[in-house]
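Peer 1: Structure file final26.txt (compact mmCIF, C-alpha atoms and all ligand atoms) right here:
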```txt
# COMPACT_ATOMS: atom_id res chain seq x y z
CA MET O 1 6.40 -14.77 6.41
CA LEU O 2 3.37 -16.53 7.85
CA ILE O 3 0.49 -16.14 5.45
CA LYS O 4 -3.02 -17.45 6.07
CA VAL O 5 -4.34 -18.56 2.72
CA ARG O 6 -8.06 -18.11 2.15
CA ARG O 7 -9.53 -19.15 -1.17
CA GLY O 8 -10.56 -16.25 -3.39
CA TRP O 9 -14.22 -17.15 -3.49
CA GLU O 10 -14.68 -17.73 0.25
CA LEU O 11 -16.99 -15.18 1.78
CA PRO O 12 -15.32 -13.10 4.44
CA GLU O 13 -16.79 -13.89 7.86
CA SER O 14 -18.06 -10.41 8.50
CA ALA O 15 -19.33 -9.32 5.13
CA ALA O 16 -20.96 -6.25 6.62
CA THR O 17 -18.54 -4.33 8.76
CA PRO O 18 -19.86 -1.06 10.17
CA GLU O 19 -18.85 1.97 8.15
CA HIS O 20 -15.85 3.74 9.58
CA ILE O 21 -13.41 5.90 7.72
CA PHE O 22 -10.12 6.86 9.24
CA ARG O 23 -9.68 10.61 9.17
CA ASP O 24 -6.98 11.72 11.54
CA ARG O 25 -5.83 15.06 10.24
CA ARG O 26 -2.87 15.30 12.57
CA ARG O 27 -1.55 11.98 11.29
CA LEU O 28 -2.25 13.13 7.77
CA LEU O 29 -0.02 16.15 8.15
CA LYS O 30 2.68 14.13 9.89
CA ALA O 31 2.67 11.53 7.15
CA ALA O 32 2.58 14.08 4.40
CA ALA O 33 5.58 15.86 5.86
CA ALA O 34 7.61 12.77 5.05
CA GLY O 35 6.70 12.90 1.37
CA PRO O 36 8.73 15.47 -0.53
CA ILE O 37 6.37 16.09 -3.41
CA LEU O 38 3.20 15.65 -1.41
CA LEU O 39 3.83 18.70 0.74
CA ALA O 40 5.65 20.70 -1.86
CA VAL O 41 2.48 21.70 -3.69
CA PRO O 42 -0.68 22.94 -1.99
CA GLY O 43 -3.68 20.87 -3.00
CA ILE O 44 -1.68 17.84 -3.99
CA LEU O 45 -1.91 16.26 -0.56
CA ALA O 46 -4.55 14.21 -2.24
CA GLY O 47 -2.13 12.04 -4.10
CA CYS O 48 -3.83 8.74 -4.64
CA GLY O 49 -5.01 8.78 -1.11
CA GLU O 50 -7.20 11.73 -0.41
CA ALA O 51 -10.26 10.01 -1.67
CA PRO O 52 -11.67 8.33 1.43
CA ASP O 53 -13.18 11.74 2.07
CA ARG O 54 -14.22 12.47 -1.46
CA ALA O 55 -15.14 8.97 -2.34
CA ASP O 56 -17.80 8.93 0.33
CA GLN O 57 -19.62 11.74 -1.40
CA ALA O 58 -19.58 9.96 -4.73
CA THR O 59 -21.10 6.61 -3.94
CA GLN O 60 -24.33 7.15 -5.82
CA VAL O 61 -24.76 5.75 -9.29
CA ALA O 62 -24.32 8.46 -11.88
CA PRO O 63 -27.56 9.69 -13.41
CA GLU O 64 -28.47 7.90 -16.63
CA SER O 65 -28.07 11.01 -18.74
CA GLN O 66 -24.48 11.19 -17.58
CA VAL O 67 -23.77 7.57 -18.35
CA ALA O 68 -25.00 7.75 -21.92
CA GLY O 69 -21.76 9.27 -23.17
CA ALA O 70 -19.51 7.43 -20.82
CA GLY O 71 -17.77 5.37 -23.45
CA THR O 72 -19.66 2.20 -22.67
CA SER O 73 -22.60 2.94 -24.89
CA ASP O 74 -23.05 0.47 -27.75
CA ALA O 75 -22.30 3.15 -30.33
CA THR O 76 -19.03 4.16 -28.69
CA ALA O 77 -17.92 0.59 -28.18
CA ALA O 78 -18.80 -0.33 -31.77
CA ALA O 79 -16.66 2.55 -33.07
CA ASP O 80 -13.58 0.88 -31.57
CA PRO O 81 -11.73 -1.10 -34.27
CA SER O 82 -11.34 -4.03 -31.88
CA ALA O 83 -15.11 -4.22 -31.20
CA HIS O 84 -15.53 -7.39 -33.27
CA LEU O 85 -13.25 -9.27 -30.84
CA TYR O 86 -15.73 -9.03 -27.94
CA PRO O 87 -17.25 -10.63 -26.00
CA VAL O 88 -14.63 -13.31 -25.34
CA ALA O 89 -15.04 -16.59 -23.46
CA ARG O 90 -14.89 -16.34 -19.68
CA ASN O 91 -12.13 -18.22 -17.85
CA LEU O 92 -13.99 -19.74 -14.91
CA ARG O 93 -10.87 -20.28 -12.83
CA TYR O 94 -11.19 -16.77 -11.37
CA ARG O 95 -14.27 -16.36 -9.18
CA LEU O 96 -15.73 -13.51 -7.21
CA ASP O 97 -16.99 -13.42 -3.64
CA ARG O 98 -19.38 -10.57 -4.44
CA GLU O 99 -21.62 -9.25 -7.14
CA ILE O 100 -20.23 -7.67 -10.27
CA THR O 101 -20.15 -3.89 -9.99
CA PRO O 102 -22.70 -2.20 -12.28
CA ALA O 103 -21.00 -1.07 -15.50
CA GLU O 104 -22.39 2.45 -15.05
CA LEU O 105 -20.43 2.79 -11.83
CA ALA O 106 -17.17 1.20 -12.91
CA THR O 107 -17.05 3.43 -15.98
CA THR O 108 -17.99 6.73 -14.35
CA TYR O 109 -16.08 6.53 -11.06
CA ASN O 110 -12.43 6.42 -12.01
CA ASN O 111 -8.91 7.34 -11.10
CA TYR O 112 -6.95 8.65 -14.07
CA TYR O 113 -4.75 11.52 -12.97
CA GLU O 114 -3.73 12.26 -16.55
CA PHE O 115 -7.22 13.75 -16.84
CA GLY O 116 -7.53 15.25 -13.37
CA SER O 117 -7.68 14.20 -9.75
CA SER O 118 -11.43 13.89 -9.36
CA LYS O 119 -13.35 10.65 -9.78
CA THR O 120 -15.44 12.09 -12.60
CA ILE O 121 -12.88 12.34 -15.39
CA TRP O 122 -14.68 10.00 -17.77
CA LYS O 123 -15.82 12.79 -20.09
CA LYS O 124 -12.38 14.37 -20.21
CA ALA O 125 -10.81 11.00 -21.00
CA GLN O 126 -12.81 10.82 -24.24
CA ALA O 127 -10.26 13.29 -25.68
CA LEU O 128 -7.60 10.58 -25.79
CA PRO O 129 -7.04 9.24 -29.32
CA ILE O 130 -6.60 5.47 -29.04
CA ARG O 131 -5.87 4.72 -32.72
CA PRO O 132 -3.29 4.55 -34.07
CA TRP O 133 -1.72 3.23 -30.82
CA MET O 134 1.81 1.95 -31.10
CA VAL O 135 3.21 -0.34 -28.44
CA THR O 136 6.94 -0.73 -27.88
CA ILE O 137 8.43 -3.82 -26.26
CA ASP O 138 12.11 -3.33 -25.60
CA GLY O 139 15.00 -3.57 -23.15
CA LEU O 140 16.57 -6.87 -22.16
CA VAL O 141 14.74 -9.06 -24.66
CA GLU O 142 15.58 -11.22 -27.66
CA ASN O 143 12.56 -9.94 -29.56
CA LYS O 144 12.24 -6.15 -29.58
CA ILE O 145 8.89 -5.21 -31.02
CA GLU O 146 7.17 -2.09 -32.27
CA ILE O 147 3.57 -3.01 -33.00
CA GLY O 148 0.15 -1.45 -33.46
CA VAL O 149 -2.30 -2.42 -30.74
CA ASP O 150 -4.66 -4.24 -33.13
CA ASP O 151 -1.81 -6.40 -34.46
CA LEU O 152 -0.80 -7.14 -30.87
CA LEU O 153 -4.36 -8.13 -29.97
CA ALA O 154 -4.44 -10.50 -32.96
CA LYS O 155 -1.44 -12.36 -31.50
CA MET O 156 -2.76 -12.65 -27.96
CA PRO O 157 -5.11 -15.29 -26.50
CA LEU O 158 -8.09 -13.23 -25.36
CA GLU O 159 -10.30 -14.33 -22.48
CA GLU O 160 -12.56 -12.80 -19.85
CA ARG O 161 -11.77 -12.84 -16.13
CA LEU O 162 -13.80 -11.70 -13.14
CA TYR O 163 -11.43 -9.85 -10.82
CA ARG O 164 -11.80 -7.67 -7.77
CA LEU O 165 -10.00 -4.33 -7.68
CA ARG O 166 -9.06 -2.84 -4.31
CA CYS O 167 -8.00 0.81 -4.47
CA VAL O 168 -5.53 2.01 -1.86
CA GLU O 169 -8.21 4.57 -0.99
CA ALA O 170 -10.31 1.70 0.44
CA TRP O 171 -13.00 1.45 -2.21
CA ALA O 172 -13.40 -1.67 -4.27
CA MET O 173 -15.12 -2.99 -7.36
CA ALA O 174 -15.51 -6.33 -9.10
CA VAL O 175 -15.54 -6.35 -12.89
CA PRO O 176 -15.28 -8.64 -15.91
CA TRP O 177 -12.06 -7.70 -17.70
CA SER O 178 -11.33 -8.97 -21.21
CA GLY O 179 -7.72 -9.26 -22.26
CA PHE O 180 -4.75 -11.58 -22.10
CA ALA O 181 -2.33 -12.99 -19.57
CA LEU O 182 0.68 -10.69 -19.26
CA LYS O 183 2.80 -13.85 -19.51
CA ALA O 184 1.78 -14.17 -23.17
CA LEU O 185 3.37 -10.79 -23.88
CA VAL O 186 6.44 -11.74 -21.84
CA ASP O 187 6.80 -14.93 -23.87
CA LEU O 188 6.45 -12.98 -27.11
CA ALA O 189 9.31 -10.69 -26.04
CA ARG O 190 11.59 -13.56 -24.87
CA PRO O 191 13.34 -11.70 -22.03
CA LEU O 192 17.02 -12.35 -21.34
CA ALA O 193 17.99 -13.98 -18.04
CA SER O 194 19.34 -10.59 -16.94
CA ALA O 195 15.82 -9.05 -17.03
CA LYS O 196 14.58 -8.70 -13.46
CA TYR O 197 11.70 -6.25 -13.84
CA LEU O 198 9.05 -5.22 -16.32
CA ARG O 199 8.56 -1.46 -16.51
CA MET O 200 5.31 -0.15 -17.97
CA GLU O 201 5.01 3.38 -19.31
CA SER O 202 1.76 5.16 -20.06
CA PHE O 203 1.15 7.67 -22.84
CA HIS O 204 2.32 11.28 -22.44
CA ASP O 205 0.32 13.91 -24.27
CA PRO O 206 -0.45 17.00 -22.17
CA GLU O 207 -2.42 18.55 -25.01
CA VAL O 208 -5.19 15.96 -24.67
CA ALA O 209 -4.56 14.86 -21.09
CA ARG O 210 -4.66 18.18 -19.31
CA GLY O 211 -3.72 16.63 -15.98
CA GLN O 212 -0.28 16.10 -17.46
CA LYS O 213 0.15 19.85 -17.47
CA ALA O 214 0.41 19.60 -13.68
CA SER O 215 4.18 19.79 -13.53
CA TRP O 216 4.40 18.59 -9.92
CA TYR O 217 3.47 15.11 -11.04
CA PRO O 218 6.28 13.02 -12.54
CA TRP O 219 4.75 12.21 -15.93
CA PRO O 220 4.46 9.83 -17.64
CA TYR O 221 2.82 7.35 -15.26
CA ILE O 222 5.27 4.51 -14.68
CA GLU O 223 4.57 1.17 -13.07
CA GLY O 224 6.56 -2.00 -12.64
CA LEU O 225 6.52 -5.64 -11.62
CA THR O 226 9.21 -8.19 -10.93
CA MET O 227 9.58 -10.79 -13.65
CA ALA O 228 8.07 -13.39 -11.33
CA GLU O 229 5.03 -11.16 -10.80
CA ALA O 230 4.73 -10.46 -14.53
CA ARG O 231 4.75 -14.20 -15.24
CA ASN O 232 2.25 -14.98 -12.48
CA GLU O 233 -0.98 -16.34 -13.90
CA LEU O 234 -3.06 -13.52 -12.38
CA ALA O 235 -1.16 -10.68 -14.06
CA PHE O 236 -3.42 -9.59 -16.89
CA ILE O 237 -3.45 -6.98 -19.61
CA ALA O 238 -7.03 -5.81 -19.88
CA THR O 239 -8.25 -4.62 -23.27
CA GLY O 240 -11.97 -4.66 -22.60
CA ILE O 241 -14.55 -4.64 -19.85
CA TYR O 242 -18.16 -5.88 -19.62
CA GLY O 243 -17.77 -7.74 -22.91
CA LYS O 244 -16.85 -4.63 -24.89
CA PRO O 245 -13.65 -2.77 -25.80
CA MET O 246 -12.10 -0.88 -22.91
CA PRO O 247 -13.57 2.61 -22.37
CA LYS O 248 -10.96 5.33 -22.43
CA GLN O 249 -11.51 6.26 -18.78
CA ASN O 250 -10.73 2.69 -17.72
CA GLY O 251 -7.41 2.67 -19.57
CA ALA O 252 -7.97 1.89 -23.26
CA PRO O 253 -6.49 0.37 -25.20
CA LEU O 254 -4.20 -1.50 -22.76
CA ARG O 255 -4.22 -1.46 -18.97
CA LEU O 256 -2.74 -3.73 -16.38
CA ALA O 257 -4.90 -5.71 -13.93
CA VAL O 258 -3.00 -7.13 -10.94
CA PRO O 259 -5.83 -7.79 -8.47
CA TRP O 260 -3.69 -8.72 -5.47
CA LYS O 261 -2.14 -5.26 -5.45
CA TYR O 262 -3.63 -1.87 -4.69
CA GLY O 263 -5.33 -0.36 -7.73
CA PHE O 264 -2.65 2.22 -8.46
CA LYS O 265 -0.40 -0.58 -9.76
CA SER O 266 -2.94 -1.32 -12.51
CA THR O 267 -1.66 1.29 -14.90
CA LYS O 268 -3.70 2.54 -17.85
CA GLY O 269 -2.98 3.65 -21.41
CA ILE O 270 0.26 1.65 -21.69
CA VAL O 271 2.54 2.45 -24.64
CA ARG O 272 5.79 0.76 -23.62
CA PHE O 273 6.88 -2.44 -21.90
CA THR O 274 10.58 -2.39 -21.02
CA PHE O 275 12.41 -5.37 -19.57
CA THR O 276 15.15 -4.15 -17.27
CA ASP O 277 17.54 -5.09 -14.49
CA VAL O 278 16.74 -1.86 -12.61
CA ARG O 279 13.73 -1.64 -10.33
CA PRO O 280 11.40 0.99 -11.82
CA ASN O 281 10.83 4.07 -9.72
CA THR O 282 7.08 4.22 -10.02
CA PHE O 283 4.79 7.25 -10.37
CA TRP O 284 3.26 7.16 -6.88
CA GLU O 285 6.57 6.23 -5.26
CA LYS O 286 8.00 9.45 -6.68
CA VAL O 287 4.99 11.47 -5.56
CA GLY O 288 4.84 10.17 -2.00
CA PRO O 289 7.53 7.66 -1.03
CA ALA O 290 6.33 7.59 2.57
CA GLU O 291 2.90 6.42 1.46
CA TYR O 292 3.23 4.47 -1.78
CA GLY O 293 5.81 1.87 -2.69
CA PHE O 294 6.87 -0.48 -5.44
CA TRP O 295 5.16 -3.60 -4.06
CA ALA O 296 1.74 -2.33 -2.96
CA ASN O 297 0.33 -5.74 -2.06
CA VAL O 298 -3.04 -5.54 -0.31
CA ASN O 299 -2.87 -6.26 3.41
CA PRO O 300 -5.57 -5.27 5.91
CA GLU O 301 -3.05 -5.46 8.76
CA VAL O 302 -0.84 -2.72 7.36
CA PRO O 303 -2.57 0.67 7.51
CA HIS O 304 -1.87 3.43 5.08
CA PRO O 305 -0.15 6.24 7.04
CA ARG O 306 -3.42 8.18 6.84
CA TRP O 307 -6.16 5.55 7.16
CA SER O 308 -6.92 1.95 8.02
CA GLN O 309 -6.91 -0.69 5.30
CA ARG O 310 -9.01 -3.16 7.30
CA THR O 311 -12.22 -2.75 5.34
CA GLU O 312 -13.31 -1.54 1.95
CA ARG O 313 -16.35 0.20 0.54
CA VAL O 314 -17.86 -1.75 -2.31
CA LEU O 315 -18.90 0.62 -5.11
CA GLY O 316 -22.66 0.77 -5.36
CA GLN O 317 -23.25 -0.78 -1.90
CA ASP O 318 -23.86 0.93 1.41
CA TYR O 319 -21.81 -1.49 3.46
CA ARG O 320 -18.15 -2.28 3.91
CA VAL O 321 -16.51 -5.67 3.75
CA ASP O 322 -13.33 -6.95 5.34
CA THR O 323 -10.28 -6.52 3.18
CA GLN O 324 -8.36 -9.76 2.65
CA LEU O 325 -4.65 -10.39 2.48
CA PHE O 326 -3.51 -10.06 -1.15
CA ASN O 327 -7.10 -8.98 -1.80
CA GLY O 328 -8.15 -12.63 -1.45
CA TYR O 329 -5.66 -13.94 -4.03
CA ALA O 330 -3.05 -15.30 -1.62
CA GLU O 331 -3.31 -18.83 -2.98
CA PHE O 332 -2.05 -17.54 -6.33
CA VAL O 333 0.62 -15.08 -5.24
CA ALA O 334 1.80 -15.53 -1.65
CA GLU O 335 4.76 -17.64 -2.72
CA LEU O 336 6.09 -14.80 -4.86
CA TYR O 337 7.18 -13.03 -1.70
CA THR O 338 9.02 -15.80 0.11
CA GLY O 339 12.46 -14.51 1.02
CA LEU O 340 11.43 -10.87 0.52
CA GLU O 341 10.34 -10.22 4.10
CA GLY O 342 12.80 -7.34 4.38
CA GLU O 343 10.94 -5.42 1.69
CA LYS O 344 8.01 -3.07 2.30
CA LEU O 345 5.67 -5.50 0.60
CA PHE O 346 2.40 -3.88 1.67
CA MET O 347 2.75 -0.22 0.71
N1 LIG C 1 -3.12 4.52 -14.49
C1 LIG C 1 -2.76 5.74 -14.94
N2 LIG C 1 -2.03 5.82 -16.06
N3 LIG C 1 -3.09 6.88 -14.28
C2 LIG C 1 -3.79 6.84 -13.09
O1 LIG C 1 -4.06 7.90 -12.49
N4 LIG C 1 -4.86 5.44 -11.39
C3 LIG C 1 -4.73 4.15 -10.73
C4 LIG C 1 -4.97 2.99 -11.69
N5 LIG C 1 -4.26 3.20 -12.94
C5 LIG C 1 -4.18 5.57 -12.57
C6 LIG C 1 -3.85 4.42 -13.35
C7 LIG C 1 -5.61 4.00 -9.57
S1 LIG C 1 -5.17 4.90 -8.19
C8 LIG C 1 -6.66 3.14 -9.56
S2 LIG C 1 -7.51 2.82 -8.13
C9 LIG C 1 -7.10 2.46 -10.80
O2 LIG C 1 -6.36 2.87 -11.93
C10 LIG C 1 -8.57 2.75 -11.05
O3 LIG C 1 -9.01 2.05 -12.17
P1 LIG C 1 -10.50 2.31 -12.69
O4 LIG C 1 -10.64 3.78 -12.94
O5 LIG C 1 -10.65 1.48 -13.92
O6 LIG C 1 -11.40 1.86 -11.57
```
Please re-express this file's structure in structure tokens.
Ligand code: MTE
Peer 2:
Amino acid sequence: MLIKVRRGWELPESAATPEHIFRDRRRLLKAAAAGPILLAVPGILAGCGEAPDRADQATQVAPESQVAGAGTSDATAAADPSAHLYPVARNLRYRLDREITPAELATTYNNYYEFGSSKTIWKKAQALPIRPWMVTIDGLVENKIEIGVDDLLAKMPLEERLYRLRCVEAWAMAVPWSGFALKALVDLARPLASAKYLRMESFHDPEVARGQKASWYPWPYIEGLTMAEARNELAFIATGIYGKPMPKQNGAPLRLAVPWKYGFKSTKGIVRFTFTDVRPNTFWEKVGPAEYGFWANVNPEVPHPRWSQRTERVLGQDYRVDTQLFNGYAEFVAELYTGLEGEKLFM
């Protein structure tokens, strides 16, 4: 595979591409017909990908009154038992090519289907109890662990990283995550040589997460990485954002951040890490296999079946920027995919 490597902090040449959203309804229907679950249920055509339409209507910053209870307020953050850990020192190795997204936007414009398919689920997400929160590490490992999240945090080297996030729906944000390198958790577990994948499972509690009552979705949310991806320096478990504990709507207490992949890989509310020799069949793969795959690496040259991936709308801005291969992180991750050219690496 020939990959042009551009450094993460280099400004794209055309930072202001004219706004254009791809809305070809005939292609939409054709593509959806290929996805068994997508067409099976009226109204679910959305999947993770309906939002170019909806997202456009929701660009404005939420009114202040709405933000006050959004889980980022000082009082809410202080109530989190891990509050004393933050802020943590920033690791300057990871730079941005754009401004940091305002916290009010990143914490009120979310995807968290457990709480519904709109972007405004932040209030509903407050229903999720995040303590006690037990984490299981199991499967093909020497060190199987059952641990409370605060004890896990005490073992992990916390740092802050500025990462971009590129949603498959073609919106993007740039935020300061706090957390730890996923590799630290992998090392703690000591996987056997037979472990080829890391499977991540999110919580399942339909009584508090009403979206999980939608039986056409294959709950719980499952995501996965190869072991090489999980050990890559960029793979990060985020436990906080903007120098505070993670708000519930952003995935508290543990969420993945893999910035070279489309946002749906960055799973939230993780309760289990399982090392396995079987490639995990992920949530969105099950929902729409013609549209969402295991790899989901960002590539502007490979359109989603229903829209172009060439540009992205930056939350809080009224312009679009060019999307970059591996979301601008090729120098860190391109080598992971050598020899895998036969795979659908970009969906
Ligand atoms: N994780 C879970 N468990 N459930 C979800 O619905 N949505 C994903 C990802 N992680 C999702 C999830 C998608 S599609 C995106 S774009 C990001 O979360 C959005 O993260 P944010 O809300 O913090 O911006």
Peer 1: Using only C-alpha atoms and all ligand atoms, can you tell me which of O:Tyr262, O:Tyr319, O:Trp177, O:Tyr94 comes closest to ligand LIG 1 (chain C)?
Peer 2: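 That would be O:Tyr262, the residue with the smallest distance to ligand LIG 1 (chain C).
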Peer 1: For ligand LIG 1 (chain C), list the contacting residues at 6 Å or closer, counting only C-alpha atoms and all ligand atoms, as a CSV table (one decimal) with C-alpha atoms, in the coordinates of the input.
Peer 2:
```csv
chain,number,residue,atom,x,y,z
O,48,CYS,CA,-3.8,8.7,-4.6
O,106,ALA,CA,-17.2,1.2,-12.9
O,110,ASN,CA,-12.4,6.4,-12.0
O,111,ASN,CA,-8.9,7.3,-11.1
O,112,TYR,CA,-7.0,8.6,-14.1
O,113,TYR,CA,-4.8,11.5,-13.0
O,114,GLU,CA,-3.7,12.3,-16.6
O,167,CYS,CA,-8.0,0.8,-4.5
O,202,SER,CA,1.8,5.2,-20.1
O,221,TYR,CA,2.8,7.4,-15.3
O,250,ASN,CA,-10.7,2.7,-17.7
O,263,GLY,CA,-5.3,-0.4,-7.7
O,264,PHE,CA,-2.6,2.2,-8.5
O,266,SER,CA,-2.9,-1.3,-12.5
O,267,THR,CA,-1.7,1.3,-14.9
O,268,LYS,CA,-3.7,2.5,-17.8
O,269,GLY,CA,-3.0,3.6,-21.4
```
Peer 1: Applying 12 Å and all atoms listed in the file, which residues near Thr101 of chain O remain after dropping the ones on its own chain fewer than 4 positions away? List them as a list in words.
Peer 2: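 Listing them by chain and then by number gives Val61, Leu96, Asp97, Leu105, Ala106, Thr107, Thr108, Tyr109, Leu162, Tyr163, Arg164, Leu165, Trp171, Ala172, Met173, Ala174, Val175, Pro176, Trp177, Ile241, Tyr242, Arg313, Val314, Leu315, Gly316 and Gln317 of chain O.
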Peer 1: Could you jot down the atom CA of Lys265 of chain O to atom CA of Glu223 of chain O separation for me, Å, one decimal place?
Peer 2: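 Distance between the two atoms: 6.2 Å.
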Peer 1: Report, in Å to a single decimal, how far apart atom CA of Ala184 of chain O and atom CA of Phe275 of chain O are.
Peer 2: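 The value is 14.3 Å.
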Peer 1: Just to confirm, what's the straight-line distance from atom CA of Leu158 of chain O to atom CA of Ile130 of chain O in Å (one decimal)?
Peer 2: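 For atom CA of Leu158 of chain O relative to atom CA of Ile130 of chain O, the distance reads 19.1 Å.
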Peer 1: Which polymer residues have any atom within 9 Å of an atom of Glu159 of chain O, counting all atoms listed in the file, with same-chain residues fewer than 5 positions away left out, as a PyMOL selection string?
Peer 2: chain O and resi 87-91+177-181
Peer 1: What's the 8 Å shell around Pro253 of chain O, counting all atoms listed in the file, without same-chain residues fewer than 6 positions away, as a PyMOL selection string?
Peer 2: chain O and resi 130+133+149+239-240+245-247+269-270
Peer 1: Nearest to Thr274 of chain O: which of O:Asp322, O:Tyr217, O:Leu128, O:Thr226 is it, counting all atoms listed in the file?
Peer 2: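 Once distances to Thr274 of chain O are computed over all atoms listed in the file, the minimum belongs to O:Thr226.
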Peer 1: From the list O:Pro220, O:Pro157, O:Pro305, O:Pro191, which residue is nearest Asn143 of chain O when using only C-alpha atoms?
Peer 2: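 Looking only at the distances to Asn143 of chain O, the closest residue turns out to be O:Pro191.
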Peer 1: Ranking O:Leu225, O:Ile237, O:Met200, O:Ala170 by minimum distance to Asn327 of chain O and counting only C-alpha atoms, which one comes first?
Peer 2: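 The closest residue to Asn327 of chain O is O:Ala170.
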Peer 1: In terms of the shortest atom-to-atom distance over all atoms listed in the file, which of O:Glu335, O:Glu146, O:Asp318, O:Glu343 is closest to Glu229 of chain O?
Peer 2: O:Glu335
Peer 1: Of the candidates O:Val302, O:Ala127, O:Ile100, O:Val321, which shows the shortest atom-to-atom distance to Asp205 of chain O, using all atoms listed in the file?
Peer 2: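 With all atoms listed in the file as the atom set, the closest residue is O:Ala127.
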Peer 1: Counting all atoms listed in the file, which residues sit no farther than 6 Å from the position (4.6, 6.0, -25.6) in the file's frame? I'd like them as a list in words.
Peer 2: Phe203, Val271 and Arg272 of chain O
